[in-house]
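Only one structure is covered here, and it is reproduced in the block below.
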Amino acid sequence: MALHPVSLHPRDGSIAADELRHLLDALVERSEVPVEFPAEVLAAAEAAAAGPGAPDRTDHSERADHSGRVDRTDVEFVTLDPASSTDLDQAMHLSRKGDGYRVLYAIADVPSFVGLDGPLDAETRRRGETVYLPDRRISLHPEVLSEGVASILPEQDTPAFVWTFALDATGAVTGTTLERALVRSRAKLAYDAVQADLDAGTGLEMMQLLLEIGAKRRELEAQRRGASLNLPEQEVFADGEALRLQWRTPLPIEDANAQISLMTGMEAARIMIEGGAGILRTMPAADEGSIRDLRRKAAALGQPWPEDMVYGDFLRTLHWSDPRHLALLNQAAKLFRGASYLAFTSPAELPADPAEQVQAAIGAPYAHTTAPLRRLVDRFVLLTCHHLLGGDDLPDALRTALPLIPQVMQETGSRAGAIERQAIDIVEALALRSSIGSELEATVLTSSDGKAQLQLSEPPVTVRAAVPGNPGDVVRVRVESVDPAAGKVQIVPAAGRPAAGEGRTETAEAGQVQASAPGQPAAS
């Protein structure tokens, strides 16, 4: 099951939340993830925050320090994120223009604080990305930058890369510019509140426009045969001595917001391909054998995949709440594999086959470029695009760095993914502790050699155990034991314990099947 990282919503005085924190403290301590910033890095961050590139919150006479930047503080940008976010990478301003649209998309200008050498650059290359755990985040940058002067916080003048996109009536991009500017966000909007206002008919005009543009970008995604997995997120609620998990389906406004980020990444990739230098995010298309296998399984589950329907359109017909669809989505997640970074410093280094330049789930060339506070590679992509669109040669330090970044991202991404999965295992084991001895309903996702991958209905936990069944079957199971510190649970068929020496229950790690789902703001 492809899940987004869980998020914790504790109640005051929650014993379960305290226990989870202790277990995650131990997990972080034994991991290789860097947590504390060295003193020289903190000193460099403080100096960068206080330097000429730092925003001025109160005295507009200090704007002279931003010489060379375009002043866009008159544009009424807003940010749109989870309510608790403070590391705000993006702000937007949307408007109609003729029968089309104009999108201004401001991305935090992290390079104005972090150069291509020095202790800050070295430390961010060591970290690679911000690590998100249920009760904390381990930041890529010191907080004075990521949650302070470099973050596009409301009522703060902040340096940013500002993309300006002209869209036609279909939502297709017809023109792109990129400038380094000074921006001032007017409001920090939250997904839940924005969606509630939209549902009540009182939504802001710009948010209504975002839904409209997002819908047209989704139509374009379907036309280029892009594909998204319709999967929910997990949320954790701590209540006294118990941890509870529940599904959360991403809101329509979140998907619309993601479409703007995807559009920006696609334009960044186009600019770099045409300019002959950059870093792409690629993923190969699913092989024909895997497609045939998914077709067979769809037919076996009574959800046939019409021969004349492309892959992405078929996935859009599936919803995780149907057990048969859930099994198929789990199978489909296996086709979203092989994502990697492709760096090149000349046109000759690009693959001759255009298909090898594409992120197949998006259906187009793509680059990570909209989250520089949280992901290292975005900083280098933004700098590259700005130089290319300005007709400038890439600085030697940037050209030298480009080929090094993919391996950094691969290594740090694997490390982050490992600790995030282990954290989910701990959360899911804690959530199942109150169910020891209870019978639960589960959907069989996969089955082989007497073992099944199961998706429990309530709480929403994924386990592997020796339980009979075919994909799409709904079965009853019993929780035998849990070990939260190890992130393990033991599941048996509800009928009873297997006979000794025969079909023993496997001690399973919860949540062990993971996949990157495109369509998030930080797309694969």
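As shown in the structure tokens, the chain order sets the letters A, B, ...; within each chain, residues go from 1, and ligands are also counted from 1 in the order they appear.
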DSSP strand (DSSP E or B) residues within stretch 140-288 of chain A, listed as JSON, numbers by chain: {"A": [154, 157, 158, 159, 160, 161, 162, 163, 164, 165, 166, 167, 173, 174, 175, 176, 177, 178, 179, 180, 181, 182, 183, 184, 185, 186, 187, 188, 189, 190, 233, 234, 235, 236, 237, 238, 239, 242, 243, 244, 245, 246, 247, 248, 278, 279, 280, 281, 282, 283]}
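Assigned to alpha helix (DSSP H) in stretch 278-375 of chain A, given DSSP computed from backbone atoms, are A:Glu288, A:Gly289, A:Ser290, A:Ile291, A:Arg292, A:Asp293, A:Leu294, A:Arg295, A:Arg296, A:Lys297, A:Ala298, A:Ala299, A:Ala300, A:Tyr311, A:Gly312, A:Asp313, A:Phe314, A:Leu315, A:Pro323, A:Arg324, A:His325, A:Leu326, A:Ala327, A:Leu328, A:Leu329, A:Asn330, A:Gln331, A:Ala332, A:Ala333.
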One number please: atom CA of A:His22 to atom CA of A:Arg421, in Å, one decimal. 16.9 Å
Contacts of A:Val70 at 12 Å or less, counting only C-alpha atoms, minus same-chain residues fewer than 4 places along, as a PyMOL selection string? chain A and resi 63-64+66+74-75+158-162+178-183
Using only C-alpha atoms, the best pick from A:Gln331, A:Thr86, A:Thr400, A:Thr249 as closest to A:Asp192 would be A:Thr249
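Our summary of the geometry notes that atom CA of A:Asp87 is positioned 6.8 Å from atom CA of A:Leu373.
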Find the residues near stretch 489-496 of chain A: any atom within 12 Å, counting only C-alpha atoms, skip ones fewer than 4 places away on the same chain, and give them as a short mmCIF file (atom, residue, chain, number, x, y, z; two decimals) with all heavy atoms, in the first residue's frame.
```cif
data_model
loop_
_atom_site.label_atom_id
_atom_site.label_comp_id
_atom_site.auth_asym_id
_atom_site.auth_seq_id
_atom_site.Cartn_x
_atom_site.Cartn_y
_atom_site.Cartn_z
N ASP A 425 6.22 1.85 10.98
CA ASP A 425 6.09 0.53 11.62
C ASP A 425 5.80 0.68 13.11
O ASP A 425 4.93 -0.02 13.67
CB ASP A 425 7.38 -0.28 11.44
CG ASP A 425 7.64 -0.69 9.99
OD1 ASP A 425 6.69 -0.65 9.20
OD2 ASP A 425 8.79 -1.05 9.68
N ILE A 426 6.52 1.58 13.78
CA ILE A 426 6.33 1.80 15.22
C ILE A 426 4.92 2.32 15.49
O ILE A 426 4.22 1.84 16.39
CB ILE A 426 7.39 2.79 15.74
CG1 ILE A 426 8.77 2.11 15.74
CG2 ILE A 426 7.04 3.28 17.14
CD1 ILE A 426 9.92 3.07 16.02
N VAL A 427 4.49 3.32 14.71
CA VAL A 427 3.16 3.90 14.90
C VAL A 427 2.08 2.83 14.71
O VAL A 427 1.12 2.73 15.49
CB VAL A 427 2.95 5.07 13.92
CG1 VAL A 427 1.48 5.48 13.89
CG2 VAL A 427 3.81 6.25 14.31
N GLU A 428 2.21 2.02 13.67
CA GLU A 428 1.18 1.04 13.38
C GLU A 428 1.14 -0.05 14.44
O GLU A 428 0.06 -0.53 14.80
CB GLU A 428 1.40 0.47 11.99
CG GLU A 428 1.17 1.51 10.89
CD GLU A 428 1.26 0.95 9.49
OE1 GLU A 428 2.00 -0.03 9.29
OE2 GLU A 428 0.59 1.51 8.60
N ALA A 429 2.31 -0.44 14.96
CA ALA A 429 2.32 -1.42 16.04
C ALA A 429 1.65 -0.86 17.29
O ALA A 429 0.86 -1.55 17.97
CB ALA A 429 3.75 -1.85 16.34
N LEU A 430 1.92 0.40 17.62
CA LEU A 430 1.26 1.04 18.77
C LEU A 430 -0.25 1.11 18.56
O LEU A 430 -1.04 0.89 19.48
CB LEU A 430 1.82 2.44 18.98
CG LEU A 430 3.16 2.56 19.70
CD1 LEU A 430 3.66 4.00 19.65
CD2 LEU A 430 3.04 2.11 21.16
N ALA A 431 -0.65 1.43 17.33
CA ALA A 431 -2.08 1.55 17.04
C ALA A 431 -2.80 0.22 17.17
O ALA A 431 -3.99 0.17 17.49
CB ALA A 431 -2.28 2.12 15.64
N LEU A 432 -2.08 -0.89 16.93
CA LEU A 432 -2.70 -2.22 17.01
C LEU A 432 -2.65 -2.81 18.41
O LEU A 432 -3.26 -3.85 18.67
CB LEU A 432 -2.00 -3.18 16.03
CG LEU A 432 -2.44 -3.07 14.56
CD1 LEU A 432 -1.53 -3.91 13.68
CD2 LEU A 432 -3.88 -3.51 14.41
N ARG A 433 -1.93 -2.19 19.31
CA ARG A 433 -1.76 -2.79 20.66
C ARG A 433 -3.09 -2.97 21.37
O ARG A 433 -3.32 -3.99 22.04
CB ARG A 433 -0.81 -1.93 21.49
CG ARG A 433 -0.51 -2.53 22.86
CD ARG A 433 0.66 -1.83 23.52
NE ARG A 433 0.42 -0.41 23.67
CZ ARG A 433 1.36 0.45 24.09
NH1 ARG A 433 2.58 0.02 24.34
NH2 ARG A 433 1.07 1.73 24.22
N SER A 435 -5.72 -3.73 20.08
CA SER A 435 -6.53 -4.73 19.37
C SER A 435 -6.02 -6.15 19.59
O SER A 435 -6.51 -7.08 18.93
CB SER A 435 -6.54 -4.43 17.87
OG SER A 435 -7.12 -3.17 17.61
N ILE A 436 -5.04 -6.34 20.47
CA ILE A 436 -4.52 -7.69 20.72
C ILE A 436 -5.68 -8.59 21.18
O ILE A 436 -6.44 -8.25 22.08
CB ILE A 436 -3.40 -7.67 21.78
CG1 ILE A 436 -2.17 -6.96 21.23
CG2 ILE A 436 -3.04 -9.09 22.22
CD1 ILE A 436 -1.06 -6.78 22.24
N GLY A 437 -5.82 -9.72 20.50
CA GLY A 437 -6.90 -10.66 20.79
C GLY A 437 -8.18 -10.37 20.04
O GLY A 437 -9.11 -11.18 20.06
N SER A 438 -8.23 -9.23 19.36
CA SER A 438 -9.45 -8.86 18.63
C SER A 438 -9.40 -9.36 17.20
O SER A 438 -8.32 -9.56 16.61
CB SER A 438 -9.62 -7.34 18.61
OG SER A 438 -9.72 -6.83 19.91
N GLU A 439 -10.60 -9.58 16.64
CA GLU A 439 -10.71 -9.93 15.23
C GLU A 439 -10.92 -8.66 14.41
O GLU A 439 -11.70 -7.78 14.79
CB GLU A 439 -11.89 -10.88 15.01
CG GLU A 439 -11.66 -12.26 15.60
CD GLU A 439 -12.73 -13.25 15.18
OE1 GLU A 439 -13.54 -12.89 14.29
OE2 GLU A 439 -12.76 -14.37 15.72
N LEU A 440 -10.19 -8.58 13.29
CA LEU A 440 -10.25 -7.42 12.42
C LEU A 440 -10.50 -7.85 10.99
O LEU A 440 -10.22 -8.99 10.61
CB LEU A 440 -8.94 -6.62 12.50
CG LEU A 440 -8.50 -6.13 13.88
CD1 LEU A 440 -7.12 -5.48 13.79
CD2 LEU A 440 -9.52 -5.15 14.45
N GLU A 441 -11.03 -6.93 10.20
CA GLU A 441 -11.27 -7.19 8.78
C GLU A 441 -10.07 -6.70 7.97
O GLU A 441 -9.49 -5.66 8.27
CB GLU A 441 -12.53 -6.46 8.33
CG GLU A 441 -12.96 -6.77 6.91
CD GLU A 441 -14.27 -6.07 6.58
OE1 GLU A 441 -14.19 -4.90 6.10
OE2 GLU A 441 -15.35 -6.66 6.80
N ALA A 442 -9.70 -7.48 6.95
CA ALA A 442 -8.55 -7.10 6.12
C ALA A 442 -8.81 -7.46 4.67
O ALA A 442 -9.56 -8.39 4.38
CB ALA A 442 -7.28 -7.80 6.61
N LYS A 451 1.64 -16.87 2.07
CA LYS A 451 1.69 -15.62 2.82
C LYS A 451 0.96 -14.53 2.04
O LYS A 451 1.01 -14.51 0.81
CB LYS A 451 3.12 -15.20 3.10
CG LYS A 451 3.88 -16.19 3.98
CD LYS A 451 5.34 -15.81 4.10
CE LYS A 451 6.10 -16.85 4.92
NZ LYS A 451 7.55 -16.54 4.97
N ALA A 452 0.31 -13.64 2.77
CA ALA A 452 -0.47 -12.60 2.12
C ALA A 452 -0.06 -11.23 2.65
O ALA A 452 0.31 -11.07 3.82
CB ALA A 452 -1.96 -12.81 2.38
N GLN A 453 -0.11 -10.27 1.73
CA GLN A 453 0.02 -8.86 2.13
C GLN A 453 -1.39 -8.38 2.42
O GLN A 453 -2.28 -8.45 1.56
CB GLN A 453 0.65 -8.05 1.01
CG GLN A 453 1.13 -6.68 1.42
CD GLN A 453 2.43 -6.74 2.20
OE1 GLN A 453 3.20 -7.67 2.05
NE2 GLN A 453 2.67 -5.75 3.05
N LEU A 454 -1.63 -7.91 3.63
CA LEU A 454 -2.97 -7.56 4.07
C LEU A 454 -3.07 -6.07 4.36
O LEU A 454 -2.15 -5.47 4.92
CB LEU A 454 -3.33 -8.32 5.36
CG LEU A 454 -3.26 -9.85 5.31
CD1 LEU A 454 -3.47 -10.40 6.72
CD2 LEU A 454 -4.31 -10.40 4.37
N GLN A 455 -4.21 -5.50 4.01
CA GLN A 455 -4.52 -4.13 4.40
C GLN A 455 -5.68 -4.19 5.39
O GLN A 455 -6.80 -4.54 5.03
CB GLN A 455 -4.92 -3.28 3.21
CG GLN A 455 -5.31 -1.85 3.57
CD GLN A 455 -4.16 -1.08 4.19
OE1 GLN A 455 -3.10 -0.97 3.59
NE2 GLN A 455 -4.36 -0.57 5.39
N LEU A 456 -5.39 -3.92 6.66
CA LEU A 456 -6.45 -3.90 7.65
C LEU A 456 -7.37 -2.71 7.40
O LEU A 456 -6.92 -1.63 7.02
CB LEU A 456 -5.87 -3.82 9.06
CG LEU A 456 -4.87 -4.92 9.47
CD1 LEU A 456 -4.46 -4.73 10.92
CD2 LEU A 456 -5.46 -6.30 9.26
N VAL A 461 -3.73 -0.37 8.67
CA VAL A 461 -2.35 -0.86 8.82
C VAL A 461 -2.11 -1.94 7.77
O VAL A 461 -3.00 -2.74 7.47
CB VAL A 461 -2.13 -1.43 10.24
CG1 VAL A 461 -0.79 -2.15 10.35
CG2 VAL A 461 -2.22 -0.32 11.26
N THR A 462 -0.90 -1.96 7.20
CA THR A 462 -0.52 -2.98 6.23
C THR A 462 0.44 -3.97 6.88
O THR A 462 1.43 -3.57 7.48
CB THR A 462 0.18 -2.35 5.02
OG1 THR A 462 -0.65 -1.33 4.48
CG2 THR A 462 0.45 -3.38 3.93
N VAL A 463 0.14 -5.27 6.77
CA VAL A 463 0.99 -6.31 7.35
C VAL A 463 1.12 -7.46 6.37
O VAL A 463 0.32 -7.62 5.45
CB VAL A 463 0.42 -6.84 8.68
CG1 VAL A 463 0.39 -5.76 9.74
CG2 VAL A 463 -0.97 -7.44 8.49
N ARG A 464 2.13 -8.29 6.60
CA ARG A 464 2.32 -9.52 5.84
C ARG A 464 2.25 -10.68 6.83
O ARG A 464 2.91 -10.65 7.86
CB ARG A 464 3.66 -9.52 5.11
CG ARG A 464 3.88 -10.74 4.22
CD ARG A 464 5.12 -10.55 3.34
NE ARG A 464 5.41 -11.74 2.57
CZ ARG A 464 4.81 -12.10 1.45
NH1 ARG A 464 3.83 -11.33 0.97
NH2 ARG A 464 5.14 -13.19 0.81
N ALA A 465 1.43 -11.66 6.52
CA ALA A 465 1.24 -12.77 7.45
C ALA A 465 0.79 -14.02 6.70
O ALA A 465 0.37 -13.95 5.54
CB ALA A 465 0.20 -12.38 8.51
N ALA A 466 0.88 -15.16 7.39
CA ALA A 466 0.48 -16.45 6.81
C ALA A 466 -1.04 -16.59 6.92
O ALA A 466 -1.56 -17.30 7.77
CB ALA A 466 1.19 -17.59 7.51
N VAL A 467 -1.73 -15.91 6.05
CA VAL A 467 -3.20 -15.92 6.03
C VAL A 467 -3.64 -16.30 4.63
O VAL A 467 -3.18 -15.70 3.65
CB VAL A 467 -3.76 -14.53 6.42
CG1 VAL A 467 -5.27 -14.49 6.22
CG2 VAL A 467 -3.39 -14.19 7.85
N PRO A 468 -4.51 -17.30 4.47
CA PRO A 468 -4.94 -17.71 3.13
C PRO A 468 -5.87 -16.68 2.50
O PRO A 468 -6.58 -15.95 3.19
CB PRO A 468 -5.66 -19.03 3.39
CG PRO A 468 -6.14 -18.94 4.80
CD PRO A 468 -5.10 -18.14 5.53
N GLY A 469 -5.87 -16.65 1.18
CA GLY A 469 -6.77 -15.76 0.46
C GLY A 469 -6.18 -15.32 -0.86
O GLY A 469 -4.97 -15.44 -1.09
N VAL A 474 -11.77 -10.29 1.14
CA VAL A 474 -11.89 -9.68 2.47
C VAL A 474 -11.91 -10.81 3.49
O VAL A 474 -12.74 -11.72 3.40
CB VAL A 474 -13.16 -8.82 2.58
CG1 VAL A 474 -13.30 -8.26 4.00
CG2 VAL A 474 -13.12 -7.68 1.57
N VAL A 475 -10.95 -10.79 4.42
CA VAL A 475 -10.78 -11.89 5.37
C VAL A 475 -10.83 -11.35 6.80
O VAL A 475 -10.69 -10.16 7.04
CB VAL A 475 -9.44 -12.62 5.13
CG1 VAL A 475 -9.41 -13.25 3.75
CG2 VAL A 475 -8.25 -11.67 5.31
N ARG A 476 -11.02 -12.28 7.76
CA ARG A 476 -10.98 -11.93 9.17
C ARG A 476 -9.68 -12.45 9.76
O ARG A 476 -9.29 -13.60 9.53
CB ARG A 476 -12.17 -12.56 9.91
CG ARG A 476 -13.53 -12.14 9.39
CD ARG A 476 -13.88 -10.73 9.75
NE ARG A 476 -14.01 -10.54 11.19
CZ ARG A 476 -14.28 -9.36 11.77
NH1 ARG A 476 -14.42 -8.27 11.00
NH2 ARG A 476 -14.38 -9.26 13.07
N VAL A 477 -9.01 -11.61 10.54
CA VAL A 477 -7.75 -11.99 11.16
C VAL A 477 -7.77 -11.58 12.63
O VAL A 477 -8.63 -10.81 13.06
CB VAL A 477 -6.53 -11.33 10.46
CG1 VAL A 477 -6.43 -11.79 9.01
CG2 VAL A 477 -6.63 -9.80 10.52
N ARG A 478 -6.82 -12.13 13.39
CA ARG A 478 -6.71 -11.79 14.80
C ARG A 478 -5.30 -11.28 15.09
O ARG A 478 -4.32 -11.84 14.58
CB ARG A 478 -7.02 -13.00 15.68
CG ARG A 478 -7.12 -12.64 17.17
CD ARG A 478 -7.55 -13.82 18.04
NE ARG A 478 -6.49 -14.82 18.15
CZ ARG A 478 -6.56 -16.03 17.64
NH1 ARG A 478 -7.64 -16.40 16.97
NH2 ARG A 478 -5.57 -16.88 17.80
N VAL A 479 -5.21 -10.25 15.92
CA VAL A 479 -3.91 -9.71 16.34
C VAL A 479 -3.43 -10.53 17.53
O VAL A 479 -4.06 -10.55 18.59
CB VAL A 479 -4.03 -8.23 16.73
CG1 VAL A 479 -2.66 -7.68 17.14
CG2 VAL A 479 -4.61 -7.41 15.58
N GLU A 480 -2.31 -11.25 17.35
CA GLU A 480 -1.76 -12.08 18.41
C GLU A 480 -0.87 -11.30 19.36
O GLU A 480 -0.96 -11.43 20.57
CB GLU A 480 -0.93 -13.23 17.80
CG GLU A 480 -1.78 -14.35 17.24
CD GLU A 480 -2.36 -15.21 18.35
OE1 GLU A 480 -1.64 -16.06 18.91
OE2 GLU A 480 -3.56 -15.00 18.67
N SER A 481 0.03 -10.47 18.81
CA SER A 481 0.96 -9.73 19.66
C SER A 481 1.52 -8.55 18.87
O SER A 481 1.45 -8.52 17.64
CB SER A 481 2.10 -10.63 20.12
OG SER A 481 2.89 -11.07 19.01
N VAL A 482 2.08 -7.59 19.59
CA VAL A 482 2.75 -6.46 18.96
C VAL A 482 4.04 -6.17 19.72
O VAL A 482 4.14 -6.43 20.92
CB VAL A 482 1.87 -5.19 18.93
CG1 VAL A 482 0.57 -5.43 18.20
CG2 VAL A 482 1.63 -4.65 20.32
N ASP A 483 5.01 -5.64 19.01
CA ASP A 483 6.26 -5.19 19.61
C ASP A 483 6.56 -3.80 19.05
O ASP A 483 7.23 -3.65 18.03
CB ASP A 483 7.40 -6.16 19.26
CG ASP A 483 8.73 -5.77 19.89
OD1 ASP A 483 8.81 -4.68 20.47
OD2 ASP A 483 9.69 -6.55 19.77
N PRO A 484 6.02 -2.74 19.70
CA PRO A 484 6.17 -1.40 19.14
C PRO A 484 7.62 -0.97 18.95
O PRO A 484 7.95 -0.32 17.96
CB PRO A 484 5.46 -0.51 20.17
CG PRO A 484 4.46 -1.41 20.81
CD PRO A 484 5.15 -2.74 20.88
N ALA A 485 8.50 -1.32 19.88
CA ALA A 485 9.90 -0.89 19.76
C ALA A 485 10.53 -1.44 18.50
O ALA A 485 11.36 -0.77 17.87
CB ALA A 485 10.69 -1.33 20.99
N ALA A 500 1.25 -26.25 15.22
CA ALA A 500 2.70 -26.11 15.43
C ALA A 500 3.44 -26.76 14.27
O ALA A 500 3.15 -27.89 13.88
CB ALA A 500 3.09 -26.78 16.75
N GLY A 503 2.47 -23.81 8.72
CA GLY A 503 1.89 -22.50 8.42
C GLY A 503 2.01 -21.52 9.56
O GLY A 503 1.07 -20.82 9.88
N ARG A 504 3.18 -21.50 10.22
CA ARG A 504 3.34 -20.58 11.33
C ARG A 504 3.11 -19.14 10.90
O ARG A 504 3.46 -18.76 9.81
CB ARG A 504 4.74 -20.70 11.93
CG ARG A 504 4.92 -21.92 12.78
CD ARG A 504 6.24 -21.85 13.54
NE ARG A 504 6.42 -23.07 14.32
CZ ARG A 504 5.89 -23.26 15.51
NH1 ARG A 504 5.13 -22.35 16.03
NH2 ARG A 504 6.10 -24.38 16.16
N THR A 505 2.55 -18.37 11.82
CA THR A 505 2.33 -16.96 11.56
C THR A 505 3.66 -16.25 11.44
O THR A 505 4.57 -16.47 12.24
CB THR A 505 1.53 -16.33 12.71
OG1 THR A 505 0.32 -17.04 12.85
CG2 THR A 505 1.25 -14.87 12.44
N GLU A 506 3.76 -15.41 10.46
CA GLU A 506 4.97 -14.61 10.30
C GLU A 506 4.88 -13.38 11.18
O GLU A 506 3.85 -12.72 11.26
CB GLU A 506 5.12 -14.18 8.84
CG GLU A 506 6.32 -13.30 8.60
CD GLU A 506 6.40 -12.92 7.13
OE1 GLU A 506 5.69 -13.52 6.33
OE2 GLU A 506 7.17 -12.01 6.82
N THR A 507 5.98 -13.06 11.89
CA THR A 507 6.03 -11.79 12.60
C THR A 507 6.32 -10.73 11.56
O THR A 507 7.35 -10.75 10.91
CB THR A 507 7.14 -11.81 13.66
OG1 THR A 507 6.84 -12.84 14.59
CG2 THR A 507 7.19 -10.47 14.39
N ALA A 508 5.37 -9.82 11.39
CA ALA A 508 5.40 -8.92 10.23
C ALA A 508 5.72 -7.50 10.64
O ALA A 508 5.34 -7.05 11.72
CB ALA A 508 4.05 -8.95 9.52
N GLU A 509 6.41 -6.82 9.76
CA GLU A 509 6.61 -5.40 9.94
C GLU A 509 5.43 -4.67 9.30
O GLU A 509 5.11 -4.89 8.15
CB GLU A 509 7.91 -4.93 9.28
CG GLU A 509 9.14 -5.42 10.01
CD GLU A 509 10.40 -4.81 9.46
OE1 GLU A 509 10.28 -3.95 8.56
OE2 GLU A 509 11.48 -5.18 9.93
N ALA A 510 4.79 -3.84 10.08
CA ALA A 510 3.65 -3.09 9.56
C ALA A 510 4.13 -2.10 8.53
O ALA A 510 5.21 -1.53 8.64
CB ALA A 510 2.94 -2.37 10.69
N GLY A 511 3.28 -1.88 7.50
CA GLY A 511 3.56 -0.82 6.53
C GLY A 511 4.78 -1.04 5.69
O GLY A 511 5.43 -0.10 5.28
N GLN A 512 5.13 -2.32 5.39
CA GLN A 512 6.40 -2.52 4.72
C GLN A 512 6.34 -2.34 3.21
O GLN A 512 7.37 -2.29 2.57
CB GLN A 512 6.96 -3.90 5.06
CG GLN A 512 6.01 -5.05 4.71
CD GLN A 512 6.52 -6.37 5.27
OE1 GLN A 512 7.66 -6.73 5.04
NE2 GLN A 512 5.70 -7.08 6.01
#
```
Choose the residue, out of A:Leu220, A:Leu301, A:Leu383, A:Val131, that has the smallest atom-to-atom separation from A:Asp322; count only C-alpha atoms. A:Leu301
As an exercise, work out the distance from atom CA of A:Gly128 to atom CA of A:Val408 in Å and give it to one decimal place. 6.5 Å
